[in-house]
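start.txt, holding compact mmCIF, C-alpha atoms:
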# COMPACT_ATOMS: atom_id res chain seq x y z
CA MET A 1 7.16 -20.44 3.82
CA LYS A 2 9.08 -19.91 0.62
CA GLU A 3 11.27 -16.84 0.30
CA LEU A 4 10.06 -13.98 -1.88
CA ILE A 5 12.65 -13.29 -4.55
CA ILE A 6 12.45 -10.06 -6.56
CA GLY A 7 15.48 -9.85 -8.81
CA ASP A 8 18.51 -9.94 -6.51
CA LEU A 9 16.42 -9.12 -3.43
CA VAL A 10 15.46 -11.98 -1.14
CA ALA A 11 12.85 -11.57 1.59
CA LYS A 12 13.00 -14.53 3.95
CA VAL A 13 9.34 -13.93 4.81
CA PRO A 14 7.14 -13.52 1.68
CA ILE A 15 5.10 -10.68 3.14
CA ILE A 16 5.05 -7.12 1.82
CA GLN A 17 3.71 -4.62 4.32
CA GLY A 18 1.30 -2.53 2.29
CA GLY A 19 1.99 1.21 2.07
CA MET A 20 -0.38 3.22 4.27
CA ALA A 21 -0.25 6.90 3.51
CA VAL A 22 -0.27 10.12 5.52
CA GLY A 23 2.24 8.79 8.00
CA ILE A 24 0.75 5.43 8.99
CA SER A 25 3.66 3.49 7.50
CA ILE A 26 6.93 5.37 7.51
CA SER A 27 10.36 4.38 8.81
CA GLY A 28 9.25 2.91 12.16
CA LEU A 29 6.92 0.28 10.77
CA ALA A 30 8.81 -0.30 7.53
CA SER A 31 12.10 -0.99 9.28
CA ALA A 32 10.45 -3.31 11.83
CA VAL A 33 8.92 -5.41 9.04
CA ALA A 34 12.23 -5.52 7.18
CA ILE A 35 14.07 -6.59 10.34
CA ALA A 36 11.54 -9.41 10.77
CA GLY A 37 12.34 -10.68 7.27
CA GLY A 38 9.52 -9.14 5.25
CA ILE A 39 9.48 -6.12 2.95
CA GLY A 40 8.75 -2.88 4.78
CA VAL A 41 7.12 -0.06 2.85
CA ILE A 42 7.14 3.70 3.40
CA ALA A 43 4.09 5.41 1.89
CA THR A 44 4.75 8.83 0.36
CA ALA A 45 1.31 10.44 0.04
CA GLY A 46 1.03 13.14 2.70
CA ILE A 47 4.37 12.22 4.23
CA GLY A 48 5.19 15.89 4.84
CA HIS A 49 1.80 17.08 6.07
CA LEU A 50 3.01 17.79 9.61
CA GLU A 51 5.88 20.06 8.60
CA GLU A 52 5.65 23.76 9.51
CA ASP A 53 6.55 24.97 6.02
CA LEU A 54 4.06 22.70 4.25
CA TYR A 55 1.96 25.56 2.87
CA THR A 56 4.91 27.51 1.47
CA ASN A 57 7.23 24.75 0.32
CA TYR A 58 5.04 21.73 -0.50
CA VAL A 59 7.21 19.83 -3.00
CA GLN A 60 10.49 20.42 -1.17
CA VAL A 61 8.88 19.49 2.17
CA HIS A 62 7.78 16.11 0.87
CA ASN A 63 11.15 15.50 -0.76
CA ARG A 64 12.92 16.35 2.49
CA VAL A 65 10.74 14.20 4.73
CA LEU A 66 10.82 11.23 2.35
CA ALA A 67 14.63 11.37 2.18
CA ARG A 68 14.76 11.56 5.97
CA GLU A 69 12.45 8.57 6.43
CA ILE A 70 14.35 6.43 3.94
CA LYS A 71 17.63 7.26 5.71
CA LYS A 72 16.12 6.36 9.10
CA ALA A 73 14.80 3.06 7.80
CA LYS A 74 18.08 2.19 6.09
CA GLU A 75 20.04 3.00 9.25
CA ALA A 76 17.76 0.73 11.30
CA THR A 77 17.99 -2.35 9.08
CA LYS A 78 19.83 -4.04 6.25
CA GLY A 79 16.48 -5.56 5.23
CA ILE A 80 14.39 -4.61 2.22
CA ILE A 81 12.76 -1.16 2.22
CA GLY A 82 10.19 -0.28 -0.43
CA ILE A 83 8.43 2.99 -1.23
CA ASN A 84 4.78 3.32 -2.25
CA ILE A 85 4.13 6.21 -4.65
CA MET A 86 0.67 6.88 -6.06
CA VAL A 87 0.61 7.81 -9.75
CA ALA A 88 -2.16 10.29 -8.95
CA LEU A 89 0.15 12.43 -6.81
CA SER A 90 0.95 15.77 -8.41
CA ASN A 91 4.56 15.52 -7.14
CA TYR A 92 4.91 11.93 -8.34
CA GLY A 93 8.09 12.43 -10.35
CA GLU A 94 9.85 14.25 -7.52
CA LEU A 95 9.08 11.46 -5.06
CA VAL A 96 10.31 8.79 -7.48
CA LYS A 97 13.59 10.66 -7.98
CA VAL A 98 14.16 11.04 -4.23
CA SER A 99 13.41 7.35 -3.67
CA VAL A 100 15.94 6.30 -6.31
CA ASP A 101 18.56 8.79 -5.12
CA GLU A 102 18.24 7.55 -1.53
CA GLY A 103 18.69 3.93 -2.56
CA ALA A 104 15.19 2.57 -2.05
CA ASP A 105 15.16 -1.13 -2.79
CA ILE A 106 11.74 -1.15 -4.49
CA ILE A 107 9.18 1.35 -5.73
CA PHE A 108 5.57 0.17 -5.65
CA SER A 109 3.33 2.34 -7.79
CA GLY A 110 -0.44 2.28 -8.33
CA ALA A 111 -3.52 4.53 -8.07
CA GLY A 112 -3.22 4.98 -11.81
CA LEU A 113 -1.06 3.33 -14.46
CA PRO A 114 2.66 3.98 -13.82
CA LEU A 115 3.44 3.95 -17.52
CA LYS A 116 6.39 6.38 -17.28
CA LEU A 117 7.97 5.00 -14.10
CA PRO A 118 11.08 3.38 -15.71
CA GLY A 119 11.89 6.73 -17.32
CA TYR A 120 12.98 8.04 -13.92
CA LEU A 121 15.46 5.22 -13.36
CA PRO A 122 19.06 6.17 -14.16
CA GLU A 123 21.31 3.61 -15.79
CA GLY A 124 22.82 1.28 -13.25
CA SER A 125 20.16 1.85 -10.61
CA LYS A 126 19.34 -1.21 -8.51
CA THR A 127 15.89 0.03 -7.45
CA LYS A 128 13.22 -2.48 -8.46
CA LEU A 129 9.99 -1.25 -10.06
CA VAL A 130 6.70 -2.95 -9.18
CA PRO A 131 3.34 -1.76 -10.55
CA ILE A 132 0.19 -2.19 -8.48
CA VAL A 133 -2.75 -3.30 -10.62
CA SER A 134 -6.33 -4.49 -10.31
CA SER A 135 -6.48 -6.66 -13.44
CA GLY A 136 -4.44 -8.82 -15.78
CA LYS A 137 -5.18 -6.39 -18.58
CA ALA A 138 -3.51 -3.56 -16.66
CA ALA A 139 -0.50 -5.73 -15.82
CA LYS A 140 -0.03 -6.66 -19.49
CA LEU A 141 -0.47 -3.06 -20.67
CA ILE A 142 2.11 -1.72 -18.22
CA ALA A 143 4.60 -4.48 -18.95
CA ASN A 144 4.35 -4.02 -22.71
CA ARG A 145 4.73 -0.23 -22.41
CA TRP A 146 7.76 -0.55 -20.15
CA ILE A 147 9.39 -3.07 -22.45
CA ASP A 148 8.65 -1.19 -25.69
CA LYS A 149 9.64 2.27 -24.46
CA TYR A 150 12.24 1.61 -21.77
CA ASN A 151 13.38 -1.99 -22.31
CA HIS A 152 12.42 -2.61 -18.70
CA ILE A 153 10.48 -5.67 -17.57
CA PRO A 154 8.49 -5.27 -14.32
CA ASP A 155 10.42 -6.77 -11.43
CA ALA A 156 7.17 -8.00 -9.87
CA VAL A 157 3.46 -7.17 -9.93
CA VAL A 158 1.17 -6.49 -6.98
CA VAL A 159 -2.53 -7.15 -7.59
CA GLU A 160 -4.86 -5.46 -5.12
CA GLY A 161 -8.40 -6.71 -4.64
CA PRO A 162 -11.54 -4.84 -3.53
CA ARG A 163 -11.34 -5.90 0.14
CA ALA A 164 -8.39 -3.61 0.82
CA GLY A 165 -8.49 -0.44 2.88
CA GLY A 166 -8.06 3.11 1.66
CA HIS A 167 -8.62 4.14 -1.93
CA LEU A 168 -9.73 1.29 -4.17
CA GLY A 169 -9.05 0.80 -7.86
CA PHE A 170 -12.56 -0.39 -8.67
CA LYS A 171 -15.93 1.09 -9.48
CA LYS A 172 -18.17 1.19 -6.45
CA GLU A 173 -20.62 -1.29 -7.95
CA ASN A 174 -17.84 -3.85 -8.47
CA LEU A 175 -16.55 -3.94 -4.90
CA PHE A 176 -18.86 -6.77 -3.86
CA ASP A 177 -19.08 -8.55 -7.22
CA ALA A 178 -17.70 -12.10 -7.02
CA LYS A 179 -16.06 -11.57 -10.42
CA TYR A 180 -13.61 -9.20 -8.74
CA GLU A 181 -12.68 -11.40 -5.79
CA LEU A 182 -8.93 -11.46 -5.22
CA GLU A 183 -8.68 -15.15 -6.14
CA ASN A 184 -10.05 -14.38 -9.61
CA LEU A 185 -7.86 -11.30 -10.03
CA LEU A 186 -4.75 -13.28 -9.08
CA THR A 187 -5.52 -15.95 -11.67
CA ASP A 188 -6.12 -13.26 -14.29
CA VAL A 189 -2.81 -11.52 -13.57
CA LEU A 190 -0.85 -14.79 -13.47
CA GLU A 191 -2.25 -15.76 -16.88
CA ASN A 192 -1.29 -12.39 -18.37
CA VAL A 193 2.17 -12.29 -16.83
CA LYS A 194 3.22 -15.86 -17.73
CA PRO A 195 3.72 -15.24 -21.49
CA ILE A 196 5.90 -12.21 -20.67
CA GLU A 197 8.00 -14.30 -18.28
CA ASP A 198 8.41 -16.98 -20.93
CA LYS A 199 9.22 -14.57 -23.75
CA TYR A 200 11.91 -12.68 -21.84
CA ASN A 201 13.07 -15.53 -19.60
CA LYS A 202 12.59 -13.46 -16.46
CA ALA A 203 10.64 -14.34 -13.33
CA ILE A 204 7.93 -11.78 -12.52
CA PRO A 205 6.56 -12.58 -9.05
CA VAL A 206 2.85 -11.84 -8.62
CA ILE A 207 1.82 -10.70 -5.15
CA PRO A 208 -1.87 -10.39 -4.18
CA GLY A 209 -3.18 -8.05 -1.49
CA GLY A 210 -6.47 -6.88 -0.03
CA GLY A 211 -8.28 -8.82 2.68
CA ILE A 212 -5.44 -11.26 3.39
CA TYR A 213 -5.45 -11.71 7.16
CA THR A 214 -4.14 -15.09 8.36
CA GLY A 215 -1.31 -17.46 7.65
CA ALA A 216 -3.88 -19.82 6.16
CA ASP A 217 -4.84 -17.05 3.72
CA ILE A 218 -1.20 -16.69 2.75
CA TYR A 219 -0.91 -20.44 2.17
CA LYS A 220 -4.04 -20.46 0.00
CA PHE A 221 -2.80 -17.70 -2.31
CA MET A 222 0.73 -19.07 -2.57
CA LYS A 223 -0.68 -22.47 -3.45
CA MET A 224 -2.56 -20.71 -6.28
CA GLY A 225 0.73 -19.44 -7.69
CA ALA A 226 1.41 -16.21 -5.79
CA SER A 227 5.04 -15.61 -4.82
CA GLY A 228 4.07 -13.77 -1.65
CA VAL A 229 1.33 -11.52 -0.28
CA GLN A 230 0.76 -7.90 0.62
CA MET A 231 -0.81 -7.10 4.01
CA ALA A 232 -1.54 -3.69 5.52
CA THR A 233 -4.44 -3.60 8.00
CA ARG A 234 -2.87 -6.17 10.33
CA PHE A 235 0.28 -4.09 10.67
CA VAL A 236 -1.67 -1.16 12.11
CA GLY A 237 -2.25 -3.39 15.13
CA THR A 238 1.45 -3.32 16.04
CA TYR A 239 3.45 -1.25 18.48
CA GLU A 240 5.84 -0.29 15.69
CA CYS A 241 3.14 1.20 13.43
CA ASP A 242 3.77 4.93 13.06
CA ALA A 243 0.14 5.92 13.76
CA SER A 244 -1.03 7.32 17.09
CA ASP A 245 -2.45 5.14 19.85
CA GLU A 246 -5.86 6.72 19.22
CA PHE A 247 -5.72 5.65 15.57
CA LYS A 248 -4.86 2.09 16.59
CA GLN A 249 -7.67 2.17 19.15
CA ALA A 250 -10.13 2.94 16.34
CA TYR A 251 -9.06 -0.38 14.81
CA LEU A 252 -9.50 -2.20 18.10
CA ASN A 253 -12.96 -0.67 18.61
CA ALA A 254 -14.24 -1.35 15.09
CA ASP A 255 -17.11 -3.79 14.62
CA LYS A 256 -18.00 -5.40 11.32
CA GLY A 257 -20.87 -2.95 10.86
CA ASP A 258 -18.53 0.02 11.23
CA ILE A 259 -16.77 -0.62 7.93
CA VAL A 260 -18.09 1.72 5.23
CA ILE A 261 -17.41 2.61 1.61
CA ILE A 262 -16.99 6.34 1.10
CA ASP A 263 -16.97 8.55 -1.99
CA SER A 264 -13.56 10.17 -1.73
CA PRO A 265 -12.98 13.72 -3.00
CA VAL A 266 -10.23 12.28 -5.19
CA GLY A 267 -12.79 10.43 -7.30
CA MET A 268 -12.31 6.87 -6.05
CA PRO A 269 -14.27 4.81 -3.55
CA GLY A 270 -12.51 4.19 -0.25
CA ARG A 271 -12.96 1.83 2.70
CA ALA A 272 -12.93 3.41 6.15
CA ILE A 273 -14.16 3.05 9.71
CA ARG A 274 -17.44 4.86 10.30
CA ASN A 275 -17.29 7.75 12.78
CA GLN A 276 -19.01 11.07 13.48
CA TYR A 277 -16.82 12.94 10.99
CA LEU A 278 -17.98 10.73 8.14
CA GLU A 279 -21.56 10.86 9.41
CA ASP A 280 -21.40 14.68 9.26
CA VAL A 281 -20.03 14.59 5.70
CA ASN A 282 -22.76 12.15 4.66
CA ALA A 283 -25.32 14.53 6.14
CA GLY A 284 -24.09 17.27 3.82
CA GLN A 285 -21.84 19.18 6.19
CA LYS A 286 -18.77 20.78 4.64
CA LYS A 287 -15.44 20.93 6.42
CA PRO A 288 -13.73 24.18 5.32
CA PHE A 289 -10.11 23.83 4.30
CA LYS A 290 -7.25 25.57 2.57
CA CYS A 291 -5.53 23.51 -0.09
CA PRO A 292 -1.74 23.97 0.26
CA PHE A 293 -1.14 22.20 -3.04
CA HIS A 294 -3.25 20.16 -5.39
CA CYS A 295 -1.72 16.95 -3.97
CA ILE A 296 -3.93 14.45 -5.83
CA ILE A 297 -4.42 15.24 -9.50
CA THR A 298 -7.95 13.80 -9.55
CA CYS A 299 -9.17 15.74 -6.49
CA ASN A 300 -12.01 18.15 -7.20
CA VAL A 301 -10.72 20.82 -4.83
CA LYS A 302 -13.39 23.38 -5.70
CA ASP A 303 -16.34 21.15 -4.83
CA ALA A 304 -14.73 18.85 -2.25
CA PRO A 305 -16.68 18.85 1.05
CA TYR A 306 -13.43 18.27 2.98
CA CYS A 307 -9.70 17.79 2.49
CA ILE A 308 -9.09 14.06 2.68
CA ALA A 309 -5.35 14.54 3.22
CA LYS A 310 -6.03 16.76 6.24
CA ALA A 311 -8.69 14.39 7.61
CA LEU A 312 -6.36 11.41 7.36
CA CYS A 313 -3.47 13.37 8.85
CA ASN A 314 -5.65 14.40 11.81
CA ALA A 315 -6.62 10.78 12.38
CA LYS A 316 -3.03 9.60 12.19
CA GLU A 317 -2.15 12.11 14.91
CA GLY A 318 -5.04 10.92 17.09
CA ASN A 319 -7.63 13.58 16.28
CA LEU A 320 -10.53 11.46 15.03
CA THR A 321 -13.00 14.27 15.73
CA ASP A 322 -11.61 16.06 12.68
CA GLY A 323 -10.74 13.02 10.62
CA PHE A 324 -11.24 9.30 10.07
CA ALA A 325 -9.28 6.09 9.62
CA PHE A 326 -8.97 4.11 6.42
CA ALA A 327 -8.96 0.33 7.01
CA GLY A 328 -9.35 -2.98 5.23
CA GLU A 329 -12.45 -5.15 5.33
CA ASN A 330 -11.03 -7.33 8.12
CA VAL A 331 -10.28 -4.49 10.53
CA TYR A 332 -12.95 -5.76 12.93
CA ARG A 333 -10.77 -8.84 13.49
CA VAL A 334 -7.93 -6.77 14.97
CA ASN A 335 -8.29 -7.19 18.73
CA GLU A 336 -4.85 -6.56 20.18
CA ILE A 337 -1.64 -4.63 19.65
CA VAL A 338 1.42 -6.83 19.18
CA HIS A 339 5.01 -6.47 18.07
CA VAL A 340 5.73 -6.88 14.36
CA LYS A 341 7.99 -9.87 14.98
CA ASP A 342 5.29 -11.64 17.01
CA LEU A 343 2.71 -10.96 14.31
CA ILE A 344 4.94 -12.41 11.60
CA ASP A 345 5.83 -15.40 13.77
CA SER A 346 2.13 -16.13 14.26
CA LEU A 347 1.46 -15.84 10.54
CA ILE A 348 4.27 -18.30 9.81
CA ALA A 349 2.86 -20.73 12.37
CA GLU A 350 -0.62 -20.46 10.86
CA TYR A 351 0.82 -20.96 7.38
CA GLU A 352 2.67 -24.09 8.44
CA GLU A 353 -0.43 -25.48 10.15
CA ALA A 354 -2.47 -24.89 6.99
CA ALA A 355 0.20 -26.62 4.91
CA LEU A 356 0.28 -29.65 7.23
CA ASN A 357 -3.52 -29.92 7.22
CA ASP A 358 -3.52 -29.72 3.44
CA ILE A 359 -1.01 -32.55 3.17
CA ALA A 360 -2.96 -34.63 5.68
Can I see the file as structure tokens?
Amino acid sequence: MKELIIGDLVAKVPIIQGGMAVGISISGLASAVAIAGGIGVIATAGIGHLEEDLYTNYVQVHNRVLAREIKKAKEATKGIIGINIMVALSNYGELVKVSVDEGADIIFSGAGLPLKLPGYLPEGSKTKLVPIVSSGKAAKLIANRWIDKYNHIPDAVVVEGPRAGGHLGFKKENLFDAKYELENLLTDVLENVKPIEDKYNKAIPVIPGGGIYTGADIYKFMKMGASGVQMATRFVGTYECDASDEFKQAYLNADKGDIVIIDSPVGMPGRAIRNQYLEDVNAGQKKPFKCPFHCIITCNVKDAPYCIAKALCNAKEGNLTDGFAFAGENVYRVNEIVHVKDLIDSLIAEYEEAALNDIA
């Protein structure tokens, strides 16, 4: 495998562990991935939802917990630690500032266009900025805005396809349209990024994610021109993942027919594992909740049948009666819990086998 180089950062293993919110990927998983040579990512959405003062001190709680998790990860490894921050978060700017102040190596930002992200970066900061997009058009728009307004070229671009887990940046009707397959999206983004690279003489690695499961998958996308890949679902099936054993068991128990597309209260489709909670919601049942803070700007709090942040937090803690698990399309293929290092070693071996077979 080639190294993944993002500016002056070098990941010996070209795998970014995708950010999984509401506590699924915090310092435990992120540091383990970084130690193994990849890029570990702490997800910020809902990171403070278990704190006692959440309802009275929402913004400060999330700032405090994020700073704590970054410190823990940085103390555990000298490897690369990234932070995933959704543009749609109402405390977006606060989380970006904390990430930069605490010395995060990279900020990954999607779920909206992070057009103002470089504006939070103080002069001299070494934190890399990487937008997450679903099209070449979006990549070009963000890059041009950053360059024109902030004289900042994206340090890399992540392109997420419709086979990913969690909230998806596509219309529901496009999720199973061949036009939006990750292979096509990668080509589109590469074509839009190349002229920017050439004009400014700066490498902009493009990293696809969403449905990538094996080392052979990694080889295929890197042969197409990707500099690395982003993977999330597979990392839930590790001992180091920060989710509860019950959450991981939901992955182990999932069959192909259990994977469903939901209409999230935040206005985007999402991919999850079917369970009784979701069945109840689909049947029209409402799950009463108190909103501590309008955490996602696009959430229709007044008409929402349930609080998705609370449901996901419950699931993370092992209470799947009052919540559900987000997961990628390939979750049904997860059949054991392994250590992060063993997972990455197996992916490298599969990659090398695919490369040898290709040469042969």
Self-check item: Given all atoms listed in the file as the counted atoms, nearest of A:Ala315, A:Ala272, A:Ile35, A:Met222 to His167 in chain A
Solution: A:Ala272
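Compared by their closest atoms to Ala164 in chain A, and using all atoms listed in the file, the residues A:Gln230, A:Asn275, A:Ser244, A:Asn91 rank with A:Gln230 nearest.
Nearest to Lys126 in chain A of all the residues A:Ile106, A:Ala30, A:Leu168, A:Val159 is A:Ile106, counting all atoms listed in the file.
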Exercise. With a distance cut-off of 6 Å and all atoms listed in the file, select the neighbouring residues of Tyr332 in chain A, excluding the residue or stretch itself and same-chain residues fewer than 4 positions from it, and output the selection as a VMD selection string.
Key: chain A and resid 254 to 256
Quiz prompt | Counting only C-alpha atoms, the residue of A:Pro162, A:Lys171, A:Tyr92, A:Gly23 that sits nearest Glu51 in chain A | solution = A:Gly23
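Proximity of A:Ser27, A:Asn357, A:Ser99, A:Asn192 to Lys72 in chain A, computed with only C-alpha atoms, is greatest for A:Ser27.
Among A:Asn144, A:Gln249, A:Ser227, A:Asn57, the residue with the shortest atom-to-atom distance to Lys316 in chain A, counting all atoms listed in the file, is A:Gln249.
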Self-check item: Exercise: Leu190 in chain A partners within 9 Å, all atoms listed in the file, chain neighbours under 5 positions left out, as a ChimeraX atom specification
Solution: /A:136,185,205-206,225-226
Exercise. Name all residues at most 9 Å from range 258-270 of chain A (count all atoms listed in the file; drop same-chain ones fewer than 5 positions away) and give them as a ChimeraX atom specification.
Key: /A:164-172,275,278,282,296-301,303-308,326-332
Residues as selected, C-alpha atoms, written as a PDB file, in the coordinates of the input, can you do that?
ATOM      1  CA  ALA A 164      -8.390  -3.610   0.820  1.00  0.00           C
ATOM      2  CA  GLY A 165      -8.490  -0.440   2.880  1.00  0.00           C
ATOM      3  CA  GLY A 166      -8.060   3.110   1.660  1.00  0.00           C
ATOM      4  CA  HIS A 167      -8.620   4.140  -1.930  1.00  0.00           C
ATOM      5  CA  LEU A 168      -9.730   1.290  -4.170  1.00  0.00           C
ATOM      6  CA  GLY A 169      -9.050   0.800  -7.860  1.00  0.00           C
ATOM      7  CA  PHE A 170     -12.560  -0.390  -8.670  1.00  0.00           C
ATOM      8  CA  LYS A 171     -15.930   1.090  -9.480  1.00  0.00           C
ATOM      9  CA  LYS A 172     -18.170   1.190  -6.450  1.00  0.00           C
ATOM     10  CA  ASN A 275     -17.290   7.750  12.780  1.00  0.00           C
ATOM     11  CA  LEU A 278     -17.980  10.730   8.140  1.00  0.00           C
ATOM     12  CA  ASN A 282     -22.760  12.150   4.660  1.00  0.00           C
ATOM     13  CA  ILE A 296      -3.930  14.450  -5.830  1.00  0.00           C
ATOM     14  CA  ILE A 297      -4.420  15.240  -9.500  1.00  0.00           C
ATOM     15  CA  THR A 298      -7.950  13.800  -9.550  1.00  0.00           C
ATOM     16  CA  CYS A 299      -9.170  15.740  -6.490  1.00  0.00           C
ATOM     17  CA  ASN A 300     -12.010  18.150  -7.200  1.00  0.00           C
ATOM     18  CA  VAL A 301     -10.720  20.820  -4.830  1.00  0.00           C
ATOM     19  CA  ASP A 303     -16.340  21.150  -4.830  1.00  0.00           C
ATOM     20  CA  ALA A 304     -14.730  18.850  -2.250  1.00  0.00           C
ATOM     21  CA  PRO A 305     -16.680  18.850   1.050  1.00  0.00           C
ATOM     22  CA  TYR A 306     -13.430  18.270   2.980  1.00  0.00           C
ATOM     23  CA  CYS A 307      -9.700  17.790   2.490  1.00  0.00           C
ATOM     24  CA  ILE A 308      -9.090  14.060   2.680  1.00  0.00           C
ATOM     25  CA  PHE A 326      -8.970   4.110   6.420  1.00  0.00           C
ATOM     26  CA  ALA A 327      -8.960   0.330   7.010  1.00  0.00           C
ATOM     27  CA  GLY A 328      -9.350  -2.980   5.230  1.00  0.00           C
ATOM     28  CA  GLU A 329     -12.450  -5.150   5.330  1.00  0.00           C
ATOM     29  CA  ASN A 330     -11.030  -7.330   8.120  1.00  0.00           C
ATOM     30  CA  VAL A 331     -10.280  -4.490  10.530  1.00  0.00           C
ATOM     31  CA  TYR A 332     -12.950  -5.760  12.930  1.00  0.00           C
TER      32      TYR A 332
END
Practice problem: Please provide as a PyMOL selection string all residues within 10 Å of Ala43 in chain A, with the sequence filter that same-chain residues fewer than 6 positions apart are discarded (counting only C-alpha atoms). | Solution: chain A and resi 18-27+30+66+82-86+108
Now that the selection is made, can you save its residues with C-alpha atoms as a PDB file, in the frame of the given file?
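Listed below is the output, result10.pdb:
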ATOM      1  CA  GLY A  18       1.300  -2.530   2.290  1.00  0.00           C
ATOM      2  CA  GLY A  19       1.990   1.210   2.070  1.00  0.00           C
ATOM      3  CA  MET A  20      -0.380   3.220   4.270  1.00  0.00           C
ATOM      4  CA  ALA A  21      -0.250   6.900   3.510  1.00  0.00           C
ATOM      5  CA  VAL A  22      -0.270  10.120   5.520  1.00  0.00           C
ATOM      6  CA  GLY A  23       2.240   8.790   8.000  1.00  0.00           C
ATOM      7  CA  ILE A  24       0.750   5.430   8.990  1.00  0.00           C
ATOM      8  CA  SER A  25       3.660   3.490   7.500  1.00  0.00           C
ATOM      9  CA  ILE A  26       6.930   5.370   7.510  1.00  0.00           C
ATOM     10  CA  SER A  27      10.360   4.380   8.810  1.00  0.00           C
ATOM     11  CA  ALA A  30       8.810  -0.300   7.530  1.00  0.00           C
ATOM     12  CA  LEU A  66      10.820  11.230   2.350  1.00  0.00           C
ATOM     13  CA  GLY A  82      10.190  -0.280  -0.430  1.00  0.00           C
ATOM     14  CA  ILE A  83       8.430   2.990  -1.230  1.00  0.00           C
ATOM     15  CA  ASN A  84       4.780   3.320  -2.250  1.00  0.00           C
ATOM     16  CA  ILE A  85       4.130   6.210  -4.650  1.00  0.00           C
ATOM     17  CA  MET A  86       0.670   6.880  -6.060  1.00  0.00           C
ATOM     18  CA  PHE A 108       5.570   0.170  -5.650  1.00  0.00           C
TER      19      PHE A 108
END
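If you count only C-alpha atoms and ignore residues fewer than 5 places along the chain from Ile337 in chain A, what sits within 7 Å of it is Gly237, Thr238 and Tyr239 of chain A.
Separating CA of Leu141 in chain A from CA of Met224 in chain A is a distance of 22.9 Å.
For the pair CA of Leu89 in chain A and CA of Ala138 in chain A, the interatomic distance is 19.1 Å.
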Could you build a table of the residues in range 183-292 of chain A lying no more than 7 Å from range 348-352 of chain A, giving for each the nearest pair of atoms and their separation in Å rounded to one decimal place, using all atoms listed in the file, ordered by chain and ascending residue number, as a tab-separated table?
residue	atom	partner	partner_atom	distance
A:Thr214	CA	A:Glu350	CA	6.9
A:Gly215	CA	A:Tyr351	CA	4.1
A:Ala216	CA	A:Tyr351	CA	5.0
A:Ile218	CA	A:Tyr351	CA	6.6
A:Tyr219	CA	A:Tyr351	CA	5.5
Requested write-out: C-alpha atoms of the selected residues, as a CSV table (one decimal), keeping the file's coordinate frame:
chain,number,residue,atom,x,y,z
A,214,THR,CA,-4.1,-15.1,8.4
A,215,GLY,CA,-1.3,-17.5,7.6
A,216,ALA,CA,-3.9,-19.8,6.2
A,218,ILE,CA,-1.2,-16.7,2.8
A,219,TYR,CA,-0.9,-20.4,2.2
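What separates CA of Leu252 in chain A from CA of Gly209 in chain A is a distance of 21.4 Å.
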Around all listed atoms of range 204-210 of chain A, padded 3 Å per side, what centre and edge lengths does the axis-aligned box have in Å to one decimal, as AutoDock Vina command-line options?
--center_x 0.7 --center_y -9.7 --center_z -6.3 --size_x 20.4 --size_y 11.7 --size_z 18.5
